[in-house]
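Asks: I am attaching a structure below and will ask some questions about it afterwards.
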Amino acid sequence: MNDAWLAFSAHARLSAPHGQGFFLHRADSIYDDAPDVRYEFPKAYLKAVREAVGDWIVYYEPVKAGPRGYFAVAQVHEMIESPSGNGMWWAMISPGSYLEFDSFVPRLLHGSPLEVALREPDGSPKKGGAQQLAVRRLPDADFARIVNMGLPQDLEAIEASRYDRKPEAADPAALFERPVHERLTRRAYRDVAFRRKVRAAYDERCAISGLGLRNGGGRPEVQAAHIRPVEENGSDSVRNGLALSATLHWMFDRGLIALDIPDPAIPWDVRVLVSDNKVPRDVADRLIRPERQLTLPKDRRDWPHPANIQWHRENRFGMGDPSALFSR
């Protein structure tokens with residue numbers, strides 16, 4: 001376990017006792033947002049964001065922007081003024097803290113808001129007021145309820161028995177009820193959550209070979225690879241992930257292959273680069289689709305982030321060897 005992760009985990013445990021926060025975000029936002037890195041906001045929310053520094057927040061997508069509802073959790077590391085000089089501010093997300101929910105959580109459950117502050121005494125939704133705020137505080141009980149719905153306690157057990165033809169009956173007493181904050185910082189749990197989301201985004205098929213192989217029990221052979229490693233401040237966002245076969249995952253991690261977006265105006269044209277001085281042509285031709293183009297998720301919000309692609313290409317491809325030859 002790396003030092004950055006240990007520091008993050010320790011800080012998260014120290015910051016756990018008080019209330020948490022809420023950030024409203026939409027994929028088509030006019031703000032310079034990257035949910036796993038920063039959240040841009042106007043000066044009007046300075047006080048609310050300052051109070052959230054050191055705390056966990058949940059991300060929420062409004063109904064008019066899409067169906068996701070509450071969709072992720074992260075921890076706020078610090079607040080800085082936007083370097084653009086446009087009068088905006090950034091809430092910087094603690095590296096390694098962002099995690100998308102396994103299941104999106106709706107704002108309403110049986111017609112009643114999950115957040116107590118948004119409910120009338122009869123349980124119906126309030127109008128106006130707090131629900132109009134893009135940044136607000138969130139009581140611990142509301143935060144835990146939302147996270148437990150999006151990232152269930154037994155997610156690891158669910159994944160372990162997912163492809164069992166005759167799964168054993170679960171023993172409720174065997175499930176160790178970990179506090180929400182402890183679960184969110186535990187690497188083993190986060191790996192399972194990340195793997196499930198990345199596999200689902202790519203329809204359980206390898207993004208480079210296009211193959212969707214399964215073993216005899218129906219379990220997909222495809223793995224979830226981080227584009228920018230966690231130990232290098234990479235996040236557990238699907239946009240920092242790729243579904244790859246075991247061999248291609250190994251090659252990608254070692255910089256034998258990489259990705260490139262030749263024209264930023266055509267973000268869906270993601271090309272596969274091959275280090276020709278390290279990978280024999282016949283091997284590349286067997287493992288990679290002839291057109292050398294990455295197969296992208298159906299949901300554009302899950303496409304690899306260009307910044308992550310660039311980081312991997314500059315820091316892993318050819319393992320920093322400027323003489324490394326490549327082909328597209």
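Every chain in the structure tokens takes a letter, A first, then B, and so on in the order presented; its residues are numbered from 1, and the ligands are numbered from 1 following the presented order.
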Find the residues around A:Ala207 up to 7 Å (only C-alpha atoms counted), leave out those fewer than 2 positions away in its own chain, and share them as a ChimeraX atom specification.
Replies: /A:202,205,209-210,242-244,294-296
Asks: Could you dump the residues just selected with N, CA and C atoms as an mmCIF file, in the first residue's frame?
Replies:
data_model
loop_
_atom_site.group_PDB
_atom_site.id
_atom_site.type_symbol
_atom_site.label_atom_id
_atom_site.label_comp_id
_atom_site.auth_asym_id
_atom_site.auth_seq_id
_atom_site.Cartn_x
_atom_site.Cartn_y
_atom_site.Cartn_z
ATOM 1 N N TYR A 202 -18.125 -1.165 -20.341
ATOM 2 C CA TYR A 202 -17.626 -1.701 -21.601
ATOM 3 C C TYR A 202 -18.357 -2.983 -22.011
ATOM 4 N N ARG A 205 -16.592 -6.456 -22.410
ATOM 5 C CA ARG A 205 -15.770 -6.801 -23.561
ATOM 6 C C ARG A 205 -14.467 -6.015 -23.503
ATOM 7 N N SER A 209 -9.233 -5.474 -27.944
ATOM 8 C CA SER A 209 -9.402 -6.625 -28.848
ATOM 9 C C SER A 209 -10.842 -6.763 -29.332
ATOM 10 N N GLY A 210 -11.775 -6.240 -28.554
ATOM 11 C CA GLY A 210 -13.192 -6.367 -28.892
ATOM 12 C C GLY A 210 -13.803 -7.679 -28.462
ATOM 13 N N LEU A 242 -10.253 1.051 -18.049
ATOM 14 C CA LEU A 242 -10.420 0.352 -19.321
ATOM 15 C C LEU A 242 -10.734 -1.108 -19.021
ATOM 16 N N ALA A 243 -11.608 -1.687 -19.787
ATOM 17 C CA ALA A 243 -11.860 -3.126 -19.694
ATOM 18 C C ALA A 243 -10.898 -3.797 -20.670
ATOM 19 N N LEU A 244 -9.997 -4.626 -20.144
ATOM 20 C CA LEU A 244 -8.972 -5.252 -20.985
ATOM 21 C C LEU A 244 -8.819 -6.727 -20.655
ATOM 22 N N LEU A 294 -9.965 2.141 -30.289
ATOM 23 C CA LEU A 294 -10.545 1.691 -29.028
ATOM 24 C C LEU A 294 -12.064 1.620 -29.126
ATOM 25 N N THR A 295 -12.636 0.565 -28.578
ATOM 26 C CA THR A 295 -14.094 0.456 -28.486
ATOM 27 C C THR A 295 -14.539 1.194 -27.234
ATOM 28 N N LEU A 296 -15.358 2.213 -27.399
ATOM 29 C CA LEU A 296 -15.763 3.078 -26.285
ATOM 30 C C LEU A 296 -17.087 2.630 -25.673
#
Asks: If you run DSSP on the backbone, which residues of stretch 81-241 of chain A are strand (DSSP E or B), as a VMD selection string?
Replies: chain A and resid 81 89 to 93 99 to 105 108 to 109 112 to 113 119 125 135 to 138 214 220 223 to 226 236 241
Asks: Keeping only N, CA and C atoms, take the residues you just selected and write them out as a compact mmCIF listing (two decimals), in the first residue's frame.
Replies:
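Writing done, so here's again.txt:
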# COMPACT_ATOMS: atom_id res chain seq x y z
N GLU A 81 -8.70 29.27 -5.31
CA GLU A 81 -9.29 30.14 -6.32
C GLU A 81 -8.90 29.62 -7.70
N TRP A 89 -14.15 29.42 -8.00
CA TRP A 89 -13.32 28.70 -7.04
C TRP A 89 -13.38 27.21 -7.33
N TRP A 90 -12.37 26.48 -6.87
CA TRP A 90 -12.32 25.04 -7.04
C TRP A 90 -12.30 24.35 -5.69
N ALA A 91 -13.13 23.33 -5.54
CA ALA A 91 -13.03 22.40 -4.41
C ALA A 91 -12.20 21.23 -4.94
N MET A 92 -10.99 21.07 -4.42
CA MET A 92 -10.10 20.02 -4.90
C MET A 92 -10.42 18.71 -4.20
N ILE A 93 -10.55 17.65 -4.98
CA ILE A 93 -10.91 16.34 -4.45
C ILE A 93 -9.66 15.59 -4.01
N LEU A 99 -15.32 7.78 -5.82
CA LEU A 99 -15.82 6.43 -6.10
C LEU A 99 -17.26 6.52 -6.58
N GLU A 100 -17.52 5.94 -7.73
CA GLU A 100 -18.88 5.97 -8.27
C GLU A 100 -19.73 4.88 -7.63
N PHE A 101 -21.00 5.17 -7.47
CA PHE A 101 -21.91 4.21 -6.86
C PHE A 101 -22.10 3.01 -7.78
N ASP A 102 -22.26 1.85 -7.18
CA ASP A 102 -22.55 0.64 -7.94
C ASP A 102 -23.93 0.74 -8.57
N SER A 103 -24.84 1.36 -7.86
CA SER A 103 -26.20 1.61 -8.36
C SER A 103 -26.54 3.07 -8.10
N PHE A 104 -27.08 3.75 -9.09
CA PHE A 104 -27.47 5.14 -8.89
C PHE A 104 -28.59 5.19 -7.86
N VAL A 105 -28.58 6.24 -7.05
CA VAL A 105 -29.55 6.38 -5.97
C VAL A 105 -30.51 7.51 -6.30
N LEU A 108 -35.82 10.50 -4.69
CA LEU A 108 -37.05 10.12 -3.99
C LEU A 108 -37.13 8.61 -3.81
N LEU A 109 -37.58 8.19 -2.66
CA LEU A 109 -37.83 6.78 -2.38
C LEU A 109 -39.27 6.68 -1.90
N SER A 112 -40.75 10.04 -1.26
CA SER A 112 -40.20 10.86 -0.18
C SER A 112 -38.70 11.07 -0.39
N PRO A 113 -38.18 12.32 -0.24
CA PRO A 113 -36.74 12.57 -0.41
C PRO A 113 -35.90 11.80 0.60
N ARG A 119 -37.75 17.16 3.13
CA ARG A 119 -39.07 16.56 3.35
C ARG A 119 -39.98 17.48 4.16
N PRO A 125 -42.07 15.96 -0.80
CA PRO A 125 -40.95 16.87 -1.08
C PRO A 125 -41.29 18.33 -0.81
N VAL A 135 -24.64 23.39 -3.48
CA VAL A 135 -23.72 22.93 -2.44
C VAL A 135 -24.43 23.09 -1.10
N ARG A 136 -24.46 22.04 -0.32
CA ARG A 136 -25.10 22.12 0.99
C ARG A 136 -24.55 21.05 1.93
N ARG A 137 -24.79 21.23 3.20
CA ARG A 137 -24.38 20.25 4.19
C ARG A 137 -25.34 19.07 4.18
N LEU A 138 -24.84 17.92 4.61
CA LEU A 138 -25.61 16.70 4.61
C LEU A 138 -25.40 15.99 5.94
N ARG A 214 -15.68 -15.53 -21.87
CA ARG A 214 -16.18 -15.93 -20.55
C ARG A 214 -15.68 -17.34 -20.24
N PRO A 220 -16.91 -13.21 -16.87
CA PRO A 220 -16.13 -12.56 -17.93
C PRO A 220 -14.64 -12.57 -17.61
N GLN A 223 -10.69 -7.75 -17.53
CA GLN A 223 -10.29 -7.14 -16.27
C GLN A 223 -10.50 -5.63 -16.34
N ALA A 224 -10.46 -4.97 -15.17
CA ALA A 224 -10.58 -3.52 -15.11
C ALA A 224 -9.20 -2.92 -14.85
N ALA A 225 -8.70 -2.15 -15.79
CA ALA A 225 -7.37 -1.54 -15.68
C ALA A 225 -7.50 -0.05 -15.39
N HIS A 226 -6.67 0.45 -14.47
CA HIS A 226 -6.57 1.89 -14.26
C HIS A 226 -5.66 2.47 -15.34
N ASP A 236 -10.55 6.25 -9.04
CA ASP A 236 -11.36 5.07 -9.32
C ASP A 236 -12.58 5.43 -10.17
N GLY A 241 -10.59 4.23 -16.32
CA GLY A 241 -10.57 2.78 -16.41
C GLY A 241 -10.72 2.27 -17.83
Asks: What's the 9 Å shell around A:Phe317, counting only C-alpha atoms, without same-chain residues fewer than 4 positions away, as a PyMOL selection string?
Replies: chain A and resi 252-259+273-275+312-313+321+324
Asks: With a distance cut-off of 12 Å and only C-alpha atoms, select the neighbouring residues of A:Ser84, excluding the residue or stretch itself and same-chain residues fewer than 6 positions from it, and output the selection as a PyMOL selection string.
Replies: chain A and resi 31-32+40+90
Asks: Need to verify the contact set: A:Phe143, 10 Å, only C-alpha atoms, exclusion of same-chain residues closer than 3 positions in sequence. Can you return it as a ChimeraX atom specification?
Replies: /A:19-22,56-58,73,114-115,137-140,146-148,180
Asks: Go ahead and write the residues just picked, all heavy atoms, as a CSV table (one decimal), in the first residue's frame.
Replies:
chain,number,residue,atom,x,y,z
A,19,GLY,N,-20.7,16.3,10.1
A,19,GLY,CA,-21.5,16.2,9.0
A,19,GLY,C,-20.8,16.2,7.6
A,19,GLY,O,-19.6,16.6,7.6
A,20,GLN,N,-21.5,15.8,6.6
A,20,GLN,CA,-20.9,15.6,5.3
A,20,GLN,C,-21.5,16.7,4.3
A,20,GLN,O,-22.1,17.6,4.8
A,20,GLN,CB,-21.0,14.2,4.8
A,20,GLN,CG,-20.7,13.1,5.8
A,20,GLN,CD,-19.2,13.3,6.3
A,20,GLN,OE1,-18.3,13.5,5.6
A,20,GLN,NE2,-19.1,13.2,7.6
A,21,GLY,N,-21.3,16.5,3.0
A,21,GLY,CA,-21.7,17.5,2.1
A,21,GLY,C,-22.4,17.0,0.8
A,21,GLY,O,-22.4,15.7,0.6
A,22,PHE,N,-22.9,17.9,0.0
A,22,PHE,CA,-23.6,17.6,-1.2
A,22,PHE,C,-23.2,18.5,-2.3
A,22,PHE,O,-23.1,19.7,-2.1
A,22,PHE,CB,-25.1,17.7,-0.9
A,22,PHE,CG,-26.0,17.8,-2.2
A,22,PHE,CD1,-26.8,16.7,-2.5
A,22,PHE,CD2,-26.1,18.9,-3.0
A,22,PHE,CE1,-27.6,16.7,-3.6
A,22,PHE,CE2,-27.0,18.9,-4.1
A,22,PHE,CZ,-27.7,17.8,-4.4
A,56,TRP,N,-16.5,14.3,3.5
A,56,TRP,CA,-17.0,13.5,2.3
A,56,TRP,C,-18.2,14.2,1.7
A,56,TRP,O,-19.0,14.8,2.5
A,56,TRP,CB,-17.3,12.1,2.7
A,56,TRP,CG,-16.1,11.3,2.9
A,56,TRP,CD1,-15.4,11.1,4.1
A,56,TRP,CD2,-15.4,10.4,2.0
A,56,TRP,NE1,-14.4,10.3,4.0
A,56,TRP,CE2,-14.3,9.8,2.7
A,56,TRP,CE3,-15.6,10.1,0.7
A,56,TRP,CZ2,-13.5,8.9,2.1
A,56,TRP,CZ3,-14.7,9.2,0.1
A,56,TRP,CH2,-13.7,8.6,0.8
A,57,ILE,N,-18.4,14.1,0.4
A,57,ILE,CA,-19.6,14.7,-0.2
A,57,ILE,C,-20.1,13.6,-1.1
A,57,ILE,O,-19.4,12.7,-1.6
A,57,ILE,CB,-19.2,16.0,-1.0
A,57,ILE,CG1,-18.1,15.8,-2.1
A,57,ILE,CG2,-18.8,17.1,0.0
A,57,ILE,CD1,-18.7,15.4,-3.4
A,58,VAL,N,-21.4,13.7,-1.4
A,58,VAL,CA,-22.0,12.9,-2.5
A,58,VAL,C,-22.3,13.8,-3.7
A,58,VAL,O,-22.6,15.0,-3.5
A,58,VAL,CB,-23.3,12.2,-2.0
A,58,VAL,CG1,-23.0,11.2,-0.9
A,58,VAL,CG2,-24.3,13.2,-1.6
A,73,VAL,N,-19.3,9.4,-4.7
A,73,VAL,CA,-18.9,10.0,-3.4
A,73,VAL,C,-17.4,10.4,-3.5
A,73,VAL,O,-16.7,9.8,-4.3
A,73,VAL,CB,-19.1,8.9,-2.3
A,73,VAL,CG1,-18.2,7.7,-2.5
A,73,VAL,CG2,-18.8,9.5,-0.9
A,114,LEU,N,-34.7,11.4,0.2
A,114,LEU,CA,-33.8,10.7,1.1
A,114,LEU,C,-33.3,11.6,2.1
A,114,LEU,O,-32.9,11.3,3.2
A,114,LEU,CB,-32.7,10.0,0.3
A,114,LEU,CG,-33.1,8.9,-0.6
A,114,LEU,CD1,-31.8,8.4,-1.3
A,114,LEU,CD2,-33.7,7.7,0.2
A,115,GLU,N,-33.1,12.9,1.7
A,115,GLU,CA,-32.6,13.9,2.6
A,115,GLU,C,-33.7,14.5,3.5
A,115,GLU,O,-34.7,15.0,3.0
A,115,GLU,CB,-31.9,15.0,1.8
A,115,GLU,CG,-30.7,14.6,1.0
A,115,GLU,CD,-30.1,15.7,0.2
A,115,GLU,OE1,-29.8,16.8,0.9
A,115,GLU,OE2,-29.9,15.6,-1.0
A,137,ARG,N,-24.8,21.2,3.2
A,137,ARG,CA,-24.4,20.3,4.2
A,137,ARG,C,-25.3,19.1,4.2
A,137,ARG,O,-26.5,19.2,3.8
A,137,ARG,CB,-24.4,20.9,5.6
A,137,ARG,CG,-23.4,22.0,5.7
A,137,ARG,CD,-22.0,21.6,5.5
A,137,ARG,NE,-21.4,20.8,6.5
A,137,ARG,CZ,-20.3,20.0,6.4
A,137,ARG,NH1,-19.7,20.0,5.2
A,137,ARG,NH2,-19.9,19.3,7.4
A,138,LEU,N,-24.8,17.9,4.6
A,138,LEU,CA,-25.6,16.7,4.6
A,138,LEU,C,-25.4,16.0,5.9
A,138,LEU,O,-24.3,15.6,6.3
A,138,LEU,CB,-25.1,15.8,3.5
A,138,LEU,CG,-26.1,14.7,3.0
A,138,LEU,CD1,-27.4,15.3,2.4
A,138,LEU,CD2,-25.4,13.9,1.9
A,139,PRO,N,-26.5,15.8,6.7
A,139,PRO,CA,-26.3,15.1,8.0
A,139,PRO,C,-25.7,13.7,7.8
A,139,PRO,O,-25.9,13.1,6.8
A,139,PRO,CB,-27.7,15.0,8.5
A,139,PRO,CG,-28.5,16.1,7.9
A,139,PRO,CD,-27.8,16.2,6.5
A,140,ASP,N,-25.0,13.3,8.8
A,140,ASP,CA,-24.3,12.0,8.7
A,140,ASP,C,-25.3,10.8,8.4
A,140,ASP,O,-25.0,9.9,7.6
A,140,ASP,CB,-23.6,11.6,10.0
A,140,ASP,CG,-22.3,12.4,10.2
A,140,ASP,OD1,-21.7,12.8,9.2
A,140,ASP,OD2,-21.9,12.6,11.4
A,146,ILE,N,-27.6,7.2,1.9
A,146,ILE,CA,-27.3,7.4,0.4
A,146,ILE,C,-26.2,6.5,0.0
A,146,ILE,O,-26.3,5.7,-1.0
A,146,ILE,CB,-27.1,8.8,0.1
A,146,ILE,CG1,-28.3,9.7,0.3
A,146,ILE,CG2,-26.6,8.9,-1.4
A,146,ILE,CD1,-28.1,11.2,0.2
A,147,VAL,N,-25.1,6.5,0.7
A,147,VAL,CA,-23.9,5.7,0.4
A,147,VAL,C,-24.2,4.2,0.5
A,147,VAL,O,-23.8,3.4,-0.4
A,147,VAL,CB,-22.7,6.0,1.2
A,147,VAL,CG1,-21.5,5.1,1.0
A,147,VAL,CG2,-22.2,7.5,1.0
A,148,ASN,N,-24.9,3.8,1.5
A,148,ASN,CA,-25.3,2.4,1.7
A,148,ASN,C,-26.2,1.9,0.6
A,148,ASN,O,-26.1,0.7,0.2
A,148,ASN,CB,-25.9,2.1,3.0
A,148,ASN,CG,-24.9,2.1,4.1
A,148,ASN,OD1,-23.7,1.8,3.9
A,148,ASN,ND2,-25.3,2.5,5.4
A,180,VAL,N,-19.2,3.5,7.3
A,180,VAL,CA,-19.2,4.0,5.9
A,180,VAL,C,-17.8,4.5,5.5
A,180,VAL,O,-17.3,4.1,4.5
A,180,VAL,CB,-20.3,5.1,5.7
A,180,VAL,CG1,-20.1,5.7,4.3
A,180,VAL,CG2,-21.6,4.5,5.8
Asks: Neighbouring residues of A:Trp311 were defined as those with any atom within 12 Å, considering only C-alpha atoms; residues of the same chain fewer than 5 positions away were excluded. Please report them as JSON, numbers by chain.
Replies: {"A": [226, 227, 228, 229, 232, 233, 234, 240, 255, 258, 259, 260, 304, 305, 306, 316, 317, 319, 320]}
Asks: Could you list, as a list in words, every residue within 9 Å of stretch 59-62 of chain A, counting only C-alpha atoms and ignoring same-chain residues fewer than 2 positions away?
Replies: Gly21, Phe22, Phe23, Leu24, His25, Arg26, Ala27, Pro35, Ile57, Lys64, Ala65, Gly66, Pro67, Arg68, Gly69, Tyr70, Phe71, Ala72, Val73, Ala74, Val105 and Arg107 of chain A
Asks: Could those selected residues go to a file with N, CA and C atoms, as a short mmCIF file (atom, residue, chain, number, x, y, z; two decimals), in the first residue's frame?
Replies:
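Full text of selection12.cif as output:
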data_model
loop_
_atom_site.label_atom_id
_atom_site.label_comp_id
_atom_site.auth_asym_id
_atom_site.auth_seq_id
_atom_site.Cartn_x
_atom_site.Cartn_y
_atom_site.Cartn_z
N GLY A 21 -21.26 16.49 3.01
CA GLY A 21 -21.72 17.51 2.08
C GLY A 21 -22.38 16.95 0.83
N PHE A 22 -22.87 17.87 0.00
CA PHE A 22 -23.62 17.56 -1.22
C PHE A 22 -23.16 18.52 -2.30
N PHE A 23 -22.75 17.97 -3.47
CA PHE A 23 -22.40 18.79 -4.63
C PHE A 23 -23.31 18.39 -5.78
N LEU A 24 -23.97 19.38 -6.38
CA LEU A 24 -24.78 19.11 -7.57
C LEU A 24 -23.89 19.23 -8.79
N HIS A 25 -23.95 18.24 -9.68
CA HIS A 25 -23.11 18.24 -10.88
C HIS A 25 -23.88 17.65 -12.05
N ARG A 26 -23.68 18.25 -13.21
CA ARG A 26 -24.27 17.71 -14.43
C ARG A 26 -23.19 17.60 -15.49
N ALA A 27 -23.26 16.53 -16.28
CA ALA A 27 -22.21 16.25 -17.27
C ALA A 27 -22.05 17.39 -18.27
N PRO A 35 -15.25 15.73 -11.79
CA PRO A 35 -15.68 15.28 -10.47
C PRO A 35 -14.67 14.52 -9.63
N ILE A 57 -18.36 14.13 0.44
CA ILE A 57 -19.56 14.69 -0.20
C ILE A 57 -20.13 13.63 -1.14
N LYS A 64 -33.31 17.07 -14.62
CA LYS A 64 -33.31 17.62 -15.97
C LYS A 64 -32.05 17.27 -16.75
N ALA A 65 -30.98 16.88 -16.04
CA ALA A 65 -29.71 16.58 -16.70
C ALA A 65 -29.53 15.10 -16.99
N GLY A 66 -30.29 14.24 -16.35
CA GLY A 66 -30.13 12.81 -16.56
C GLY A 66 -30.75 12.00 -15.44
N PRO A 67 -30.73 10.69 -15.56
CA PRO A 67 -31.43 9.81 -14.62
C PRO A 67 -30.61 9.31 -13.44
N ARG A 68 -29.37 9.79 -13.27
CA ARG A 68 -28.49 9.14 -12.31
C ARG A 68 -28.80 9.44 -10.86
N GLY A 69 -29.36 10.60 -10.54
CA GLY A 69 -29.59 10.94 -9.14
C GLY A 69 -28.27 11.08 -8.41
N TYR A 70 -28.17 10.53 -7.19
CA TYR A 70 -26.90 10.49 -6.48
C TYR A 70 -26.03 9.44 -7.17
N PHE A 71 -24.81 9.83 -7.57
CA PHE A 71 -24.05 8.88 -8.39
C PHE A 71 -22.62 8.62 -7.95
N ALA A 72 -22.09 9.37 -6.99
CA ALA A 72 -20.70 9.15 -6.58
C ALA A 72 -20.44 9.80 -5.23
N VAL A 73 -19.30 9.44 -4.66
CA VAL A 73 -18.87 9.98 -3.38
C VAL A 73 -17.40 10.38 -3.51
N ALA A 74 -16.99 11.40 -2.77
CA ALA A 74 -15.59 11.85 -2.81
C ALA A 74 -15.32 12.64 -1.55
N VAL A 105 -28.58 6.24 -7.05
CA VAL A 105 -29.55 6.38 -5.97
C VAL A 105 -30.51 7.51 -6.30
N ARG A 107 -33.39 10.51 -5.91
CA ARG A 107 -33.63 11.50 -4.87
C ARG A 107 -34.84 11.12 -4.02
#
Asks: Calculated over only C-alpha atoms, which of the candidates A:Pro290, A:Val222, A:Asp28, A:Arg190 has the smallest distance to A:Asp203?
Replies: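 Nearest to A:Asp203: A:Val222.
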Asks: Please run DSSP on the backbone and report, as a count of residues only, all residues within stretch 67-246 of chain A that come out as alpha helix (DSSP H).
Replies: 38
